[in-house]
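Okay, so here's the structure we're looking at.
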Protein chains: 2
Amino acid sequence: MNESTGYEALTVETLPARLGKVAEITARVGADSSAWQVKEVGDGNLNLVFIVSGAAGTLIIKQALPYVRLVGDSWPLPLYRAFYEYHALTRQATRAPGSVPSIVFFNEAQALIAMEFLEPHVILRRKLIFGERVEGLAKFLGVFCAQTAFRGSELSMQSAEKKADVALFAGNVEIPAITEALVFTDPYFDAERNNHTPGLDGVIAKLRSDVALKVKAQQMLQRFASNTETMVHGDLHSGSIMSTATESRVIDPEFVQYGPLGFDIGMLCANFLMAYFSQPVHRADDLDDYQSWILGVIDETCETFVSEFRRLWSDERTGMLYPATLFEDQGHDSSAACDAVLVGIWSDAWAICGIEMHRRCLSLAHNADFEDIEDVTLRAPLEARNLMMGAELIHRASEFKSAVDVCELARTYNSKDFL
Amino acid sequence: MNESTGYEALTVETLPARLGKVAEITARVGADSSAWQVKEVGDGNLNLVFIVSGAAGTLIIKQALPYVRLVGDSWPLPLYRAFYEYHALTRQATRAPGSVPSIVFFNEAQALIAMEFLEPHVILRRKLIFGERVEGLAKFLGVFCAQTAFRGSELSMQSAEKKADVALFAGNVEIPAITEALVFTDPYFDAERNNHTPGLDGVIAKLRSDVALKVKAQQMLQRFASNTETMVHGDLHSGSIMSTATESRVIDPEFVQYGPLGFDIGMLCANFLMAYFSQPVHRADDLDDYQSWILGVIDETCETFVSEFRRLWSDERTGMLYPATLFEDQGHDSSAACDAVLVGIWSDAWAICGIEMHRRCLSLAHNADFEDIEDVTLRAPLEARNLMMGAELIHRASEFKSAVDVCELARTYNSKDFL
């Protein structure tokens, strides 16, 4: 226990006694905490996650740890990230209703959030590795990204409220610092924390000697760190999405910050592209079909983003940016303005997409799509395709007319041999 | 007096009694406050400005008013802007030593700053109207803009310190809101507060029907409001600079905020261009010479900005952006990265420049360069040149290789007739 704050990590044993008197929790789990079933299921790097079941029902209890689990207590991390996760979840619930688990209870000193238990949802990344399809996934994700982007920006928000929010989230320093280092910088040199699959040295040497590529990645870092266009989830990959066969939710927004409008959708597309490139080892008979389904999800997610963004532009443009007084009230169509904003969003998104594809193979935190392939001689050539396509996305970020072009490009990389 | 805060506007009569016991002030003015000479000299819109002289010396006492002076108490403005001005002045003094008046005393509740009295400095705009030259002006301004831009960004600052600063200045809502409305939006439609010189209706109709121009102006508003690249002065025109024949200082940073790296230098160049276009009425014999001198100041200011920025890039790049670990330590020259950052700065700067040229002739707060020309038939054709060049700068902001091209363009507009 931390003497000054009272913070103490929960355990399976101590949880019922410690939370058994919290009315919001007992109302949802059951009054008799001695009968609660508690399981610790956290497979992330930063938190304890408990499933707590009782006579009345089941809840998730998520508690932040004061260090990065993956590297032990050598990398301390402030507990205040639970505070930001809580504020992110409440904003996402308002801006994209039904997209995130509902919150039952929050305790700032204990860095603890009690929230809705999603069942039978599983982490989307596992479904993608197992070759399962999720109905309505693309529509859900496209709408989530468009609504949170639009409604968290000054296209919608009043400036005073948005500035207050920017100030609030600017207090979240160490968590964005992880993204700043691990995503944007570490992949492009031989950083101490890095690791990569044997056999990729040649491809990696090529990327790391591409000075123009490094400049573009750093320009995106500059935009990520300085551009407070909207509140971003900050870590929207397939491990931050839980799905059944027909329903999905977004979880874990502790990397929340104000950032570029295209950040979340760019990172999301990268994770679908990595799922796509990893399939040749995970699938047999239905490989082509399932890969096509994944590209279809990318395409439809982006198309949905655009149509929802345009709908919000026309129905909810209540902020100071591109005001109706300047366009519609003067008899001027504002669709050229919306087009220009979307061009900027996609230019950012495809660059972020390429960078995310790089960091997941080059930096500290790899993803299971590739890591689950134990035979590195099978894994390396797939990662090479992913890395080389990432570079092309970064270089040509502003040239793609739509996700269709990007999916076309993925098909060509999917048959290339770089090793 | 405001009962809850104790704020009370100073008057020439009450000032000695009210400040006569402040040690920092009496040390610089004189212990016997009954012998102080007090003059109110504020010609701005937002503040009282007193010159206070005594046996020991002279100080400036600047006190914020709770409304915009120009429009009376119908437009209330929070007193907290003095707090931000104070914090801006201390940062500018550190980042660009010797560039701003030194601060003697600050009282937050009274929204009052006591500072160095600059003498025989006069407002630079007056000198430009009178045809006077200031030695070293361009070098001073180029260095000021480069140092405050670079040292207030994550090219130099540590991220935690910069984020804390962003959060602090995000509290300044109403003052940036003036810029947001008056600079970026009002000029482009018939806003209630607007006024313009008779005879310009045709030119203005042309600008206001140019939808692409409005889109670009709003894109710059989006960048201004969301891009916290560095701490900007926020109102760096020739009325915010005081000069003797050989020395200059920057004053009045109450429009401070974190914003784009190219904001200050863009607005500054606009004000020199307006001085340039207004000269045909102010000068006789030496018109060509003096106009050339002004263009020379623009050119040299921008050249100095670039060379100082490159020097800081090489000597003081201690922030997380474009780190040496990624470039120099890998045997990679980072000058391509610096070039890319400068390209972004100038693209923003010339767009801001064009927008500032517009708002000073179309929106609420005009400038004396044109307003002092009483004969509107002489004023209108000069403002028309300024307005039309502004539009070209906004449209072609990313195309200019250097300020030389912009000055060349100004020469062509200086001989055109748009009415």
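To be explicit about the labels: the chains of the structure tokens are called A, B, and onward in the order shown, and within each one the residues are counted from 1, while ligands get numbers from 1 in the order they are shown.
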
(message) DSSP on the backbone: which residues in region 72-265 of chain B end up as strand (DSSP E)? Give the answer as a list in words.
(response)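 Taking region 72-265 of chain B and keeping strand (DSSP E) only, one gets Ile103, Val104, Phe105, Phe106, Asn107, Leu112, Ile113, Ala114, Met115, Glu116, Val122, Ile123, Thr230, Met231, Val232, Ile241, Met242, Ser243, Ser248, Arg249, Val250, Gln257, Tyr258 and Gly259 of chain B.
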
(message) Need the shell around Tyr86 (chain B): protein/DNA/RNA residues with any atom at most 12 Å away, counting only C-alpha atoms. Skip same-chain ones fewer than 4 positions apart. Format as a PyMOL selection string?
(response) chain B and resi 62-64+80-82+90-93+100-108+111-115+169+233+251-256

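Look at Leu10 (chain A): the protein and nucleic acid residues within 12 Å of it, using only C-alpha atoms and passing over chain neighbours fewer than 6 places away, are Met1, Pro16, Ala17, Arg18, Leu19, Val38, Lys39, Glu40, Asn47, Leu48, Val49, Phe50, Ile61, Lys62, Gln63, Ala64, Leu65, Gln110, Ala111 and Leu112 of chain A.
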
Could those residues be written to a file, using C-alpha atoms, as a compact mmCIF listing (two decimals), in the first residue's frame?
# COMPACT_ATOMS: atom_id res chain seq x y z
CA MET A 1 0.00 0.00 0.00
CA PRO A 16 -14.64 -8.88 -2.02
CA ALA A 17 -13.83 -7.39 1.38
CA ARG A 18 -12.53 -4.14 -0.12
CA LEU A 19 -15.40 -3.54 -2.55
CA VAL A 38 -13.37 -13.36 -8.54
CA LYS A 39 -11.06 -14.10 -11.47
CA GLU A 40 -8.06 -12.03 -12.60
CA ASN A 47 -3.64 -3.10 -15.43
CA LEU A 48 -5.30 -5.67 -13.24
CA VAL A 49 -8.64 -6.84 -14.64
CA PHE A 50 -11.04 -8.84 -12.49
CA ILE A 61 -13.17 -4.30 -12.07
CA LYS A 62 -10.19 -2.69 -13.76
CA GLN A 63 -7.38 -1.27 -11.66
CA ALA A 64 -4.29 0.51 -12.93
CA LEU A 65 -0.88 -0.72 -11.82
CA GLN A 110 -7.52 3.33 -6.06
CA ALA A 111 -7.23 3.96 -9.84
CA LEU A 112 -10.22 1.66 -10.14

Mind running chain A against chain B at 6 Å and telling me each contacting residue's nearest atom pair with the distance in Å (one decimal), counting only C-alpha atoms, chain and number ascending, as a Markdown table?
| residue | atom | partner | partner_atom | distance |
| --- | --- | --- | --- | --- |
| A:Ala160 | CA | B:Val173 | CA | 5.9 |
| A:Lys163 | CA | B:Ala170 | CA | 5.4 |
| A:Ala167 | CA | B:Ala167 | CA | 3.9 |
| A:Ala170 | CA | B:Lys163 | CA | 5.4 |
| A:Val173 | CA | B:Ala160 | CA | 5.9 |
| A:Val215 | CA | B:Ala337 | CA | 5.3 |
| A:Gln218 | CA | B:Tyr322 | CA | 5.9 |
| A:Ser226 | CA | B:Thr228 | CA | 4.8 |
| A:Asn227 | CA | B:Asn227 | CA | 4.5 |
| A:Thr228 | CA | B:Ser226 | CA | 4.8 |
| A:Glu229 | CA | B:Ser226 | CA | 5.2 |
| A:Tyr322 | CA | B:Gln218 | CA | 5.9 |
| A:Ala337 | CA | B:Val215 | CA | 5.3 |

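When CA of Val404 (chain A) is paired with CA of Ala245 (chain A), their separation reads 25.0 Å.
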
(message) Using Å and a single decimal, report how far CA of Arg360 (chain A) sits from CA of Thr377 (chain A).
(response)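 A separation of 17.8 Å between them.
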
(message) If we count only C-alpha atoms and set the cut-off at 12 Å, which residues sit around Trp350 (chain B), ignoring sequence neighbours fewer than 3 positions away in its own chain? Please answer as JSON, numbers by chain.
(response) {"B": [216, 217, 220, 262, 263, 264, 265, 266, 267, 268, 269, 270, 273, 302, 343, 344, 345, 346, 347, 353, 354, 355, 356, 357, 389, 390, 391, 392, 393, 394, 395, 396, 397, 398, 399, 400, 401, 402, 403, 405, 406, 407]}

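Proximity to Glu119 (chain B) at 10 Å, evaluated using only C-alpha atoms and with sequence-adjacent residues fewer than 5 positions away removed, yields Thr58, Met242, Ser243 and Thr244 of chain B.
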
(message) One number please: CA of Glu328 (chain A) to CA of Gly202 (chain B), in Å, one decimal.
(response)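 Distance between the two atoms: 21.3 Å.
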
(message) For the helix (DSSP H, G or I) assignment from backbone DSSP, which residues of region 232-327 of chain B qualify? Please present them as JSON, numbers by chain.
(response) {"B": [238, 239, 240, 263, 264, 265, 266, 267, 268, 269, 270, 271, 272, 273, 274, 275, 276, 277, 278, 279, 280, 281, 282, 287, 288, 289, 290, 291, 292, 293, 294, 295, 296, 297, 298, 299, 300, 301, 302, 303, 304, 305, 306, 307, 308, 309, 310, 311, 312, 313, 314, 315]}

(message) Give me, as a PyMOL selection string, all polymer residues having an atom no more than 10 Å from Ile123 (chain B), counting only C-alpha atoms and skipping those fewer than 2 positions away in the same chain.
(response) chain B and resi 121+125-128+238-244+248-251

Residues of the last selection are to be written out with C-alpha atoms, as a compact mmCIF listing (two decimals), in the first residue's frame.
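Saved as again_0.txt:
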# COMPACT_ATOMS: atom_id res chain seq x y z
CA HIS B 121 10.81 54.15 -27.99
CA ARG B 125 3.55 51.64 -36.74
CA ARG B 126 3.89 55.40 -36.18
CA LYS B 127 7.47 55.31 -37.44
CA LEU B 128 6.41 53.40 -40.55
CA SER B 238 3.74 46.91 -35.84
CA GLY B 239 1.56 48.29 -33.02
CA SER B 240 3.03 45.63 -30.70
CA ILE B 241 6.60 46.71 -31.38
CA MET B 242 8.29 49.78 -29.90
CA SER B 243 11.47 51.13 -31.46
CA THR B 244 14.04 53.88 -31.29
CA SER B 248 13.32 47.53 -30.67
CA ARG B 249 11.18 45.63 -28.18
CA VAL B 250 8.06 43.51 -28.45
CA ILE B 251 5.13 44.40 -26.15

(request) Quick one: everything within 10 Å of Glu383 (chain A), counting only C-alpha atoms, minus sequence neighbours fewer than 4 positions away in the same chain. Send it as a PyMOL selection string. (result) chain A and resi 196-197+200+203+274+277-278+357-358+360-362+370+376+378-379+387-389+418

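For the choices A:Arg193, A:Arg411, A:His237, A:Arg151, the atom-to-atom distance to Thr94 (chain A) is smallest for A:Arg151 when using only C-alpha atoms.
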